[in-house]
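**Q** Have a look at this one.
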Amino acid sequence: MTNPAIRSVVTVTLNPAIDQTITVEALKPGSVHRAKAVRHNAGGKGVNVASCLADWGTPVVATGLLGAGNAAPFEALFQAKSIADAFLRLPGETRVNIKIADLAANDTTDINLPGLTADEDALNRVRETVRRLVEPGSPVLLAGSLPEGVPVHGYATLTADLTGAGARVVLDSSGAPLAAALASTGALPHCIKPNRHELEDWVGRPLPTDDDLLDAARGLNRRGVSVVVVSLGADGALFVDGTRALHGRLPPVQALSTVGAGDAMVAGLIAAFQQDGGLEDVARLSVAFAAAKLGCFGPNLPDPAMVRSLASQVVLTRLD
């Protein structure tokens with residue numbers, strides 16, 4: 001049962017997607033394939049995080065921009081998981097992302113289709129919605145890419161607004177929107193979660209070792225980002241705050257689907273923030289959420305008891 005004393009998490013997804021996952025025995029470019037399975041899930045980073053948090057028992061409100069033409073899968077997910085729906089509807093359809101799961105290689109190929117076109121007015125409407133939802137101390141997730149028409153500084157603007165309202169902003173984006181948010185002269189996010197390639201893209205150089213990653217993360221700490229989490233796929237993740245650095249990982253597990261594992265990691269770190277956990281708690285729960293999600297199709301977690309068991313098994317190594 002949800003604890004009424006816990007503040008709701010707010011997730012913001014400006015460019016959600018319907019994930020169509022097609023499973024094949026072995027992907028061979030230029031060949032005809034017979035799909036072993038096809039699944040459709042309402043997705044997008046913030047939606048996936050909201051779904052995992054709901055499975056954990058955290059109250060969550062999902063907002064952002066949805067196409068009115070195909071909102072039904074999202075509405076069904078929100079109703080099934082008791083996620084409060086504060087999405088704004090725009091004319092048109094939400095984009096579809098095709099994910100080809102290759103069983104032989106145990107990896108996934110993504111083909112992301114075009115989506116909605118929005119504008120700064122739509123962004124301002126989302127700003128007003130989120131400001132009404134947040135309370136001081138509330139975690140707010142800004143996640144994913146920006147739709148066509150929304151200015152590249154969209155996340156920087158939202159971060160400044162929400163930090164001013166007392167929210168703890170977690171940003172999970174990449175490329176130009178991430179760079180604009182980190183270059184802002186206003187407030188920076190409380191936490192970011194790039195993967196290695198996204199962090200390399202931001203710093204403009206390869207980061208092949210843990211020391212390289214730690215140096216880049218420490219630079220972000222000095223700029224004002226309190227917690228930097230660098231996801232490393234099967235190697236777990238690096239967790240860095242102003243005083244400590246940890247590497248957390250679990251032994252590799254057989255994955256039913258890797259789709260959304262990074263989003264599950266974000267859900268885990270937000271769940272730890274909700275419990276006022278320290279860096280060790282953030283590391284354990286983040287890695288456990290990501291590992292637990294690998295055994296589920298779609299943006300889902302197993303029973304919380306299984307997640308807690310995994311969290312207790314996470315191996316943490318101090319890097320500082």
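Note on naming: chains are A, B, ... as they come in the structure tokens, residues start from 1 per chain, ligands start from 1 in the order shown.
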Write out as a ChimeraX atom specification the residues lying within 12 Å of Pro177 of chain A, counting only C-alpha atoms and excluding same-chain residues fewer than 4 positions away.

**A** /A:14,142-147,150-159,171-173,181-184,198,202

**Q** Report as a ChimeraX atom specification: the residues of segment 152-308 of chain A with a DSSP assignment of alpha helix (DSSP H), based on the backbone of this structure.

**A** /A:154-164,175-182,196-203,210-223,261-274,279-293,304-308

**Q** Find the residues around Gly43 of chain A up to 7 Å (only C-alpha atoms counted), leave out those fewer than 3 positions away in its own chain, and share them as a tab-separated table (two decimals) with N, CA and C atoms, in the first residue's frame.

**A**
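What ended up in part.tsv:
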chain	number	residue	atom	x	y	z
A	16	PRO	N	7.21	11.19	-25.96
A	16	PRO	CA	6.99	9.77	-25.66
A	16	PRO	C	6.88	8.94	-26.94
A	17	ALA	N	6.72	7.65	-26.77
A	17	ALA	CA	6.67	6.76	-27.94
A	17	ALA	C	5.90	5.51	-27.60
A	18	ILE	N	5.36	4.90	-28.61
A	18	ILE	CA	4.84	3.54	-28.50
A	18	ILE	C	5.95	2.61	-28.97
A	19	ASP	N	6.46	1.78	-28.06
A	19	ASP	CA	7.55	0.87	-28.40
A	19	ASP	C	6.99	-0.42	-28.99
A	47	VAL	N	7.83	7.81	-19.19
A	47	VAL	CA	6.71	6.87	-19.03
A	47	VAL	C	7.24	5.55	-18.48
A	48	ASN	N	8.38	5.08	-19.00
A	48	ASN	CA	8.97	3.85	-18.49
A	48	ASN	C	9.34	3.97	-17.02

**Q** What lies within 8 Å of Ile22 of chain A using only C-alpha atoms, ignoring chain neighbours under 3 positions off, as a PDB file with C-alpha atoms, in the first residue's frame?

**A**
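For reference, around-v3.pdb as written:
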ATOM      1  CA  ALA A  35       9.129 -12.685 -36.072  1.00  0.00           C
ATOM      2  CA  LYS A  36       8.918 -14.955 -33.041  1.00  0.00           C
ATOM      3  CA  ALA A  37       6.902 -12.349 -31.102  1.00  0.00           C
ATOM      4  CA  VAL A  38       5.655  -8.764 -31.335  1.00  0.00           C
ATOM      5  CA  ARG A  39       4.847  -6.578 -28.342  1.00  0.00           C
ATOM      6  CA  ILE A  98      10.594  -0.103 -33.539  1.00  0.00           C
ATOM      7  CA  LYS A  99      12.928  -2.296 -31.483  1.00  0.00           C
ATOM      8  CA  ILE A 100      14.283  -5.502 -33.021  1.00  0.00           C
ATOM      9  CA  ALA A 101      15.360  -7.938 -30.313  1.00  0.00           C
TER      10      ALA A 101
END

**Q** Quick check for you: according to DSSP on this backbone, which residues of segment 126-248 of chain A are classed as strand (DSSP E)? Reply as a ChimeraX atom specification.

**A** /A:139-143,168-172,191-192,227-231,237-240,245-248

**Q** For N, CA and C atoms, I'd like the residues from the last selection saved as a JSON list (two decimals), in the first residue's frame.

**A**
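Listed below is the output, out.json:
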[["chain", "number", "residue", "atom", "x", "y", "z"],
["A", 139, "PRO", "N", 11.02, 14.88, -6.13],
["A", 139, "PRO", "CA", 11.83, 14.54, -7.30],
["A", 139, "PRO", "C", 11.00, 14.75, -8.58],
["A", 140, "VAL", "N", 11.61, 15.41, -9.55],
["A", 140, "VAL", "CA", 10.97, 15.61, -10.85],
["A", 140, "VAL", "C", 11.94, 15.10, -11.91],
["A", 141, "LEU", "N", 11.47, 14.19, -12.74],
["A", 141, "LEU", "CA", 12.29, 13.65, -13.82],
["A", 141, "LEU", "C", 11.97, 14.35, -15.13],
["A", 142, "LEU", "N", 13.01, 14.85, -15.79],
["A", 142, "LEU", "CA", 12.90, 15.35, -17.16],
["A", 142, "LEU", "C", 13.64, 14.35, -18.04],
["A", 143, "ALA", "N", 12.95, 13.73, -18.99],
["A", 143, "ALA", "CA", 13.56, 12.56, -19.63],
["A", 143, "ALA", "C", 13.29, 12.50, -21.12],
["A", 168, "ARG", "N", 13.79, 18.58, -6.71],
["A", 168, "ARG", "CA", 15.08, 17.97, -7.05],
["A", 168, "ARG", "C", 14.96, 17.41, -8.45],
["A", 169, "VAL", "N", 15.61, 18.04, -9.40],
["A", 169, "VAL", "CA", 15.46, 17.67, -10.81],
["A", 169, "VAL", "C", 16.46, 16.60, -11.20],
["A", 170, "VAL", "N", 15.93, 15.51, -11.76],
["A", 170, "VAL", "CA", 16.75, 14.45, -12.35],
["A", 170, "VAL", "C", 16.59, 14.58, -13.87],
["A", 171, "LEU", "N", 17.70, 14.72, -14.58],
["A", 171, "LEU", "CA", 17.66, 14.86, -16.04],
["A", 171, "LEU", "C", 18.29, 13.64, -16.68],
["A", 172, "ASP", "N", 17.53, 13.00, -17.57],
["A", 172, "ASP", "CA", 18.05, 11.86, -18.33],
["A", 172, "ASP", "C", 17.81, 12.15, -19.80],
["A", 191, "CYS", "N", 20.62, 15.74, -10.43],
["A", 191, "CYS", "CA", 21.22, 14.46, -10.83],
["A", 191, "CYS", "C", 21.07, 14.28, -12.33],
["A", 192, "ILE", "N", 22.09, 13.71, -12.97],
["A", 192, "ILE", "CA", 21.98, 13.30, -14.37],
["A", 192, "ILE", "C", 22.44, 11.85, -14.48],
["A", 227, "VAL", "N", 24.68, 14.77, -8.05],
["A", 227, "VAL", "CA", 24.89, 13.33, -8.22],
["A", 227, "VAL", "C", 24.99, 13.02, -9.72],
["A", 228, "VAL", "N", 26.06, 12.33, -10.10],
["A", 228, "VAL", "CA", 26.23, 11.91, -11.49],
["A", 228, "VAL", "C", 26.25, 10.38, -11.50],
["A", 229, "VAL", "N", 25.37, 9.79, -12.30],
["A", 229, "VAL", "CA", 25.31, 8.34, -12.45],
["A", 229, "VAL", "C", 25.61, 8.01, -13.91],
["A", 230, "VAL", "N", 26.64, 7.21, -14.14],
["A", 230, "VAL", "CA", 27.03, 6.82, -15.50],
["A", 230, "VAL", "C", 26.72, 5.34, -15.67],
["A", 231, "SER", "N", 25.72, 5.03, -16.50],
["A", 231, "SER", "CA", 25.35, 3.64, -16.70],
["A", 231, "SER", "C", 26.32, 2.97, -17.67],
["A", 237, "ALA", "N", 27.15, 0.44, -13.06],
["A", 237, "ALA", "CA", 27.12, 1.90, -13.18],
["A", 237, "ALA", "C", 28.10, 2.52, -12.20],
["A", 238, "LEU", "N", 28.47, 3.75, -12.51],
["A", 238, "LEU", "CA", 29.33, 4.57, -11.66],
["A", 238, "LEU", "C", 28.45, 5.62, -10.99],
["A", 239, "PHE", "N", 28.63, 5.81, -9.68],
["A", 239, "PHE", "CA", 27.83, 6.74, -8.89],
["A", 239, "PHE", "C", 28.77, 7.73, -8.20],
["A", 240, "VAL", "N", 28.62, 9.01, -8.48],
["A", 240, "VAL", "CA", 29.56, 10.01, -8.00],
["A", 240, "VAL", "C", 28.79, 11.20, -7.41],
["A", 245, "ALA", "N", 32.75, 8.16, -4.64],
["A", 245, "ALA", "CA", 32.50, 7.54, -5.95],
["A", 245, "ALA", "C", 32.42, 6.04, -5.76],
["A", 246, "LEU", "N", 31.37, 5.43, -6.30],
["A", 246, "LEU", "CA", 31.14, 4.00, -6.16],
["A", 246, "LEU", "C", 30.90, 3.38, -7.54],
["A", 247, "HIS", "N", 31.36, 2.15, -7.69],
["A", 247, "HIS", "CA", 31.00, 1.34, -8.85],
["A", 247, "HIS", "C", 30.10, 0.22, -8.35],
["A", 248, "GLY", "N", 28.90, 0.13, -8.89],
["A", 248, "GLY", "CA", 27.95, -0.90, -8.47],
["A", 248, "GLY", "C", 27.63, -1.83, -9.62]]

**Q** Just the residues within 8 Å of Gly115 of chain A, please, counting only C-alpha atoms, with nothing from its chain fewer than 6 positions along; format it as an MDAnalysis selection string.

**A** chainID A and resid 15 17 93:96 147:148

**Q** Here is a test: counting only C-alpha atoms, which residue of A:Leu310, A:Ile83, A:Leu220, A:Ala267 is nearest to Arg284 of chain A?

**A**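 With only C-alpha atoms as the atom set, the closest residue is A:Leu310.
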
**Q** Under the rule that only C-alpha atoms are counted, which of A:Ala54, A:Leu232, A:Val9, A:Val24 is the nearest residue to Ala290 of chain A?

**A**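 Among the listed residues, A:Leu232 lies closest to Ala290 of chain A.
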